[in-house]
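Below: my_file.cif (mmCIF, C-alpha atoms)
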```
data_input
loop_
_atom_site.label_atom_id
_atom_site.label_comp_id
_atom_site.auth_asym_id
_atom_site.auth_seq_id
_atom_site.Cartn_x
_atom_site.Cartn_y
_atom_site.Cartn_z
CA MET A 11 65.18 163.90 88.33
CA ALA A 12 62.20 162.33 86.66
CA TYR A 13 62.01 158.66 85.86
CA VAL A 14 63.02 158.02 82.25
CA ALA A 15 61.42 155.05 80.53
CA ARG A 16 63.60 152.69 78.53
CA ASP A 17 62.38 150.54 75.68
CA ASP A 18 58.67 149.79 76.00
CA ARG A 19 58.54 150.40 79.75
CA PRO A 20 55.88 152.67 81.28
CA ALA A 21 56.84 156.35 81.47
CA ASP A 22 55.11 156.70 84.85
CA LYS A 23 57.35 155.71 87.79
CA SER A 24 54.50 154.16 89.79
CA ALA A 25 53.42 152.10 86.79
CA ARG A 26 56.99 150.87 86.33
CA TYR A 27 57.23 149.87 90.00
CA ALA A 28 53.91 148.03 89.72
CA GLU A 29 55.18 146.17 86.67
CA LEU A 30 58.45 145.29 88.41
CA GLU A 31 56.65 144.16 91.55
CA SER A 32 54.63 141.68 89.51
CA GLU A 33 57.74 140.44 87.66
CA ILE A 34 59.83 140.09 90.83
CA LEU A 35 57.12 138.19 92.68
CA ALA A 36 56.63 135.85 89.71
CA VAL A 37 60.35 135.12 89.38
CA LEU A 38 60.75 134.49 93.12
CA ASP A 39 57.62 132.37 93.54
CA GLY A 40 58.70 129.29 95.50
CA GLU A 41 62.34 130.39 95.97
CA PRO A 42 63.24 130.11 99.68
CA ASN A 43 66.93 131.08 99.52
CA LEU A 44 67.53 134.54 100.98
CA THR A 45 70.65 135.26 98.91
CA ALA A 46 68.86 134.30 95.69
CA ARG A 47 65.94 136.53 96.63
CA MET A 48 68.21 139.50 97.38
CA ALA A 49 70.28 139.03 94.22
CA THR A 50 67.15 138.87 92.08
CA VAL A 51 65.57 141.98 93.64
CA ALA A 52 68.81 143.98 93.27
CA SER A 53 69.26 142.89 89.67
CA MET A 54 65.70 143.47 88.52
CA LEU A 55 65.35 146.87 90.18
CA ALA A 56 68.78 148.03 88.95
CA ASP A 57 67.80 147.08 85.42
CA GLY A 58 64.37 148.62 85.79
CA PHE A 59 65.38 152.22 86.43
CA GLU A 60 67.84 154.45 84.61
CA ASP A 61 68.53 156.45 87.80
CA TYR A 62 69.70 153.44 89.83
CA PHE A 63 73.51 153.72 89.95
CA TRP A 64 74.21 151.34 92.86
CA THR A 65 71.53 148.93 94.00
CA GLY A 66 71.83 146.32 96.70
CA PHE A 67 71.65 144.98 100.19
CA TYR A 68 73.66 145.41 103.35
CA VAL A 69 72.85 142.42 105.54
CA VAL A 70 72.78 142.42 109.34
CA ASP A 71 75.86 140.43 110.39
CA PRO A 72 74.76 137.81 112.94
CA ALA A 73 78.35 137.52 114.21
CA LYS A 74 78.71 141.25 114.94
CA GLU A 75 75.99 143.07 116.80
CA ASN A 76 74.88 146.31 115.16
CA GLU A 77 76.90 145.95 111.97
CA LEU A 78 75.93 145.56 108.32
CA VAL A 79 77.98 143.61 105.79
CA VAL A 80 77.65 143.99 102.04
CA GLY A 81 75.29 141.53 100.40
CA PRO A 82 74.08 141.00 96.83
CA TYR A 83 74.29 144.17 94.75
CA GLN A 84 74.60 145.67 91.27
CA GLY A 85 77.11 148.47 90.68
CA THR A 86 80.59 149.59 91.56
CA LEU A 87 82.47 148.42 94.63
CA GLY A 88 80.42 148.91 97.78
CA CYS A 89 81.54 149.44 101.34
CA LEU A 90 82.22 146.09 102.97
CA ARG A 91 80.95 146.89 106.49
CA ILE A 92 78.84 149.68 107.96
CA PRO A 93 78.13 150.11 111.68
CA PHE A 94 74.54 150.85 112.72
CA GLY A 95 74.13 154.60 113.04
CA ARG A 96 76.89 155.50 110.55
CA GLY A 97 76.00 156.94 107.15
CA VAL A 98 72.65 156.60 105.43
CA CYS A 99 72.58 152.79 105.60
CA GLY A 100 73.56 152.78 109.25
CA ALA A 101 70.89 155.38 110.01
CA ALA A 102 68.21 153.23 108.37
CA ALA A 103 69.39 150.19 110.34
CA ALA A 104 69.54 152.07 113.65
CA THR A 105 66.18 153.87 113.31
CA GLY A 106 64.28 151.21 111.38
CA GLU A 107 63.03 153.98 109.10
CA THR A 108 63.50 154.55 105.39
CA GLN A 109 66.01 157.30 104.63
CA VAL A 110 65.40 159.45 101.54
CA VAL A 111 68.44 161.68 101.05
CA PRO A 112 68.33 164.24 98.20
CA ASP A 113 71.98 165.30 98.75
CA VAL A 114 74.25 162.70 100.33
CA HIS A 115 77.04 165.27 100.74
CA ALA A 116 74.82 167.20 103.18
CA PHE A 117 73.97 164.06 105.22
CA PRO A 118 75.89 164.03 108.54
CA GLY A 119 78.38 161.15 108.58
CA HIS A 120 77.75 160.09 104.99
CA ILE A 121 80.04 157.27 103.90
CA ALA A 122 81.30 157.83 100.35
CA CYS A 123 81.66 154.31 98.97
CA ASP A 124 81.66 155.89 95.49
CA SER A 125 82.16 159.65 95.16
CA ARG A 126 79.81 159.76 92.15
CA SER A 127 76.77 159.12 94.35
CA ALA A 128 74.68 162.25 94.83
CA SER A 129 71.39 161.02 96.31
CA GLU A 130 70.24 157.88 98.04
CA ILE A 131 67.32 155.92 99.43
CA VAL A 132 67.78 153.18 102.04
CA VAL A 133 64.90 150.94 103.13
CA PRO A 134 65.03 148.64 106.18
CA VAL A 135 64.28 145.02 105.25
CA ARG A 136 62.43 142.85 107.78
CA ASP A 137 61.57 139.17 107.88
CA ALA A 138 58.12 137.74 108.63
CA SER A 139 58.67 138.14 112.39
CA GLY A 140 59.54 141.83 111.96
CA ALA A 141 63.26 141.40 112.69
CA LEU A 142 65.66 143.59 110.73
CA ILE A 143 67.63 141.36 108.33
CA ALA A 144 69.13 143.95 105.98
CA VAL A 145 68.80 147.36 104.41
CA PHE A 146 68.19 147.93 100.72
CA ASP A 147 70.32 150.77 99.36
CA VAL A 148 69.93 152.62 96.07
CA ASP A 149 72.28 155.42 95.00
CA ALA A 150 71.93 157.82 92.07
CA THR A 151 74.51 160.10 90.47
CA VAL A 152 72.06 163.01 90.36
CA PRO A 153 70.67 164.97 93.33
CA ALA A 154 67.10 164.34 94.52
CA ALA A 155 66.55 161.23 92.38
CA PHE A 156 64.26 159.60 94.97
CA ASP A 157 60.95 160.67 96.44
CA GLY A 158 57.87 159.38 98.22
CA THR A 159 56.91 157.24 95.24
CA ASP A 160 60.19 155.34 95.45
CA GLN A 161 59.79 154.97 99.21
CA GLU A 162 56.22 153.70 98.96
CA TRP A 163 56.98 151.14 96.24
CA LEU A 164 60.30 149.91 97.60
CA GLU A 165 58.81 149.40 101.07
CA ARG A 166 55.90 147.54 99.49
CA ILE A 167 58.02 145.29 97.25
CA LEU A 168 60.55 144.48 99.96
CA GLY A 169 57.75 143.77 102.44
CA LYS A 170 56.19 141.28 100.05
CA VAL A 171 59.47 139.59 99.09
CA PHE A 172 61.04 139.28 102.55
CA ALA A 173 58.23 139.54 105.10
CA GLY A 174 55.57 137.63 103.23
CA GLY A 175 53.36 140.66 102.70
CA ARG A 176 54.33 142.73 105.75
CA ALA A 177 55.17 146.22 104.59
#
```
If you convert what's in this file into structure tokens, what do you get?
Amino acid sequence: MAYVARDDRPADKSARYAELESEILAVLDGEPNLTARMATVASMLADGFEDYFWTGFYVVDPAKENELVVGPYQGTLGCLRIPFGRGVCGAAAATGETQVVPDVHAFPGHIACDSRSASEIVVPVRDASGALIAVFDVDATVPAAFDGTDQEWLERILGKVFAGGRA
């Protein structure tokens, strides 16, 4: 599915990501709180793209090794906890690699938090030291909504917001 511009937003997906990157970084300038940063990123990206159905973070739970717990998000009810290695989010956490899934129903072990989700991208989120702190999850209700452009820009934005420029 192609990116659809709303209002006066750029029709080109890369241009829209560039615009959002600038806006997100300006809004978060000087904000040290991790929850505020995550909530702002989820909100601004969810509002920025028509395809984004569920947008948010699953945070590494410091009390439970190898488990993610739902963090700030925009959308319908999300899964509360996801073990590393389970589903798309767990795969991203376990491998440390972005997962671009054109058909979630074909993904082994997919967790259906909302049956309307058809495709997904999950990006590992690291702090300035390189430690995994969360994964950023975006679901769409249409197949193959995400591609290399989404991966490139989301990795870039999240690297700047949470790792101080590390992508």
What would the selection look like, as a compact mmCIF listing (two decimals) with C-alpha atoms, in the coordinates of the input, if the PyMOL selection byres ((chain A and resi 160) around 12) were run on the coordinates I just shared?
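Result file out_21.txt:
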```
# COMPACT_ATOMS: atom_id res chain seq x y z
CA ALA A 12 62.20 162.33 86.66
CA TYR A 13 62.01 158.66 85.86
CA ASP A 22 55.11 156.70 84.85
CA LYS A 23 57.35 155.71 87.79
CA SER A 24 54.50 154.16 89.79
CA ALA A 25 53.42 152.10 86.79
CA ARG A 26 56.99 150.87 86.33
CA TYR A 27 57.23 149.87 90.00
CA ALA A 28 53.91 148.03 89.72
CA LEU A 55 65.35 146.87 90.18
CA PHE A 59 65.38 152.22 86.43
CA ASP A 61 68.53 156.45 87.80
CA TYR A 62 69.70 153.44 89.83
CA THR A 108 63.50 154.55 105.39
CA GLN A 109 66.01 157.30 104.63
CA VAL A 110 65.40 159.45 101.54
CA VAL A 111 68.44 161.68 101.05
CA GLU A 130 70.24 157.88 98.04
CA ILE A 131 67.32 155.92 99.43
CA VAL A 132 67.78 153.18 102.04
CA VAL A 133 64.90 150.94 103.13
CA ASP A 147 70.32 150.77 99.36
CA VAL A 148 69.93 152.62 96.07
CA ALA A 154 67.10 164.34 94.52
CA ALA A 155 66.55 161.23 92.38
CA PHE A 156 64.26 159.60 94.97
CA ASP A 157 60.95 160.67 96.44
CA GLY A 158 57.87 159.38 98.22
CA THR A 159 56.91 157.24 95.24
CA GLN A 161 59.79 154.97 99.21
CA GLU A 162 56.22 153.70 98.96
CA TRP A 163 56.98 151.14 96.24
CA LEU A 164 60.30 149.91 97.60
CA GLU A 165 58.81 149.40 101.07
CA ARG A 166 55.90 147.54 99.49
CA ILE A 167 58.02 145.29 97.25
CA LEU A 168 60.55 144.48 99.96
```
Computed gap from atom CA of Ala101 of chain A to atom CA of Val80 of chain A is 15.5 Å
Can you list, as a PDB file with C-alpha atoms, in the coordinates of the input, the residues that the PyMOL selection byres ((chain A and resi 84) around 7) selects here?
```
ATOM      1  CA  ALA A  52      68.810 143.980  93.270  1.00  0.00           C
ATOM      2  CA  SER A  53      69.260 142.890  89.670  1.00  0.00           C
ATOM      3  CA  ALA A  56      68.780 148.030  88.950  1.00  0.00           C
ATOM      4  CA  TRP A  64      74.210 151.340  92.860  1.00  0.00           C
ATOM      5  CA  THR A  65      71.530 148.930  94.000  1.00  0.00           C
ATOM      6  CA  GLY A  66      71.830 146.320  96.700  1.00  0.00           C
ATOM      7  CA  TYR A  83      74.290 144.170  94.750  1.00  0.00           C
ATOM      8  CA  GLY A  85      77.110 148.470  90.680  1.00  0.00           C
TER       9      GLY A  85
END
```
For a cutoff of 7 Å around the file-coordinate point (78.4, 151.3, 101.3), which residues qualify once you count all atoms listed in the file? I'd like the result as JSON, numbers by chain.
{"A": [88, 89, 90, 92, 121, 123]}
For this structure, which residues satisfy the selection - the PyMOL selection byres ((chain A and resi 67-73) around 8) - when it is evaluated on the file as given? I want them as a VMD selection string.
chain A and resid 48 52 65 to 66 74 to 83 99 142 to 147
Determine the nearest neighbour of Glu107 of chain A from the options A:Ala36, A:Leu44, A:Val135, A:Met54, counting all atoms listed in the file.
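For Glu107 of chain A, the nearest of the candidates is A:Val135.
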What is the distance, in Å and to one decimal place, between atom CA of Val114 of chain A and atom CA of Val51 of chain A?
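Computing the Euclidean distance for atom CA of Val114 of chain A and atom CA of Val51 of chain A yields 23.4 Å.
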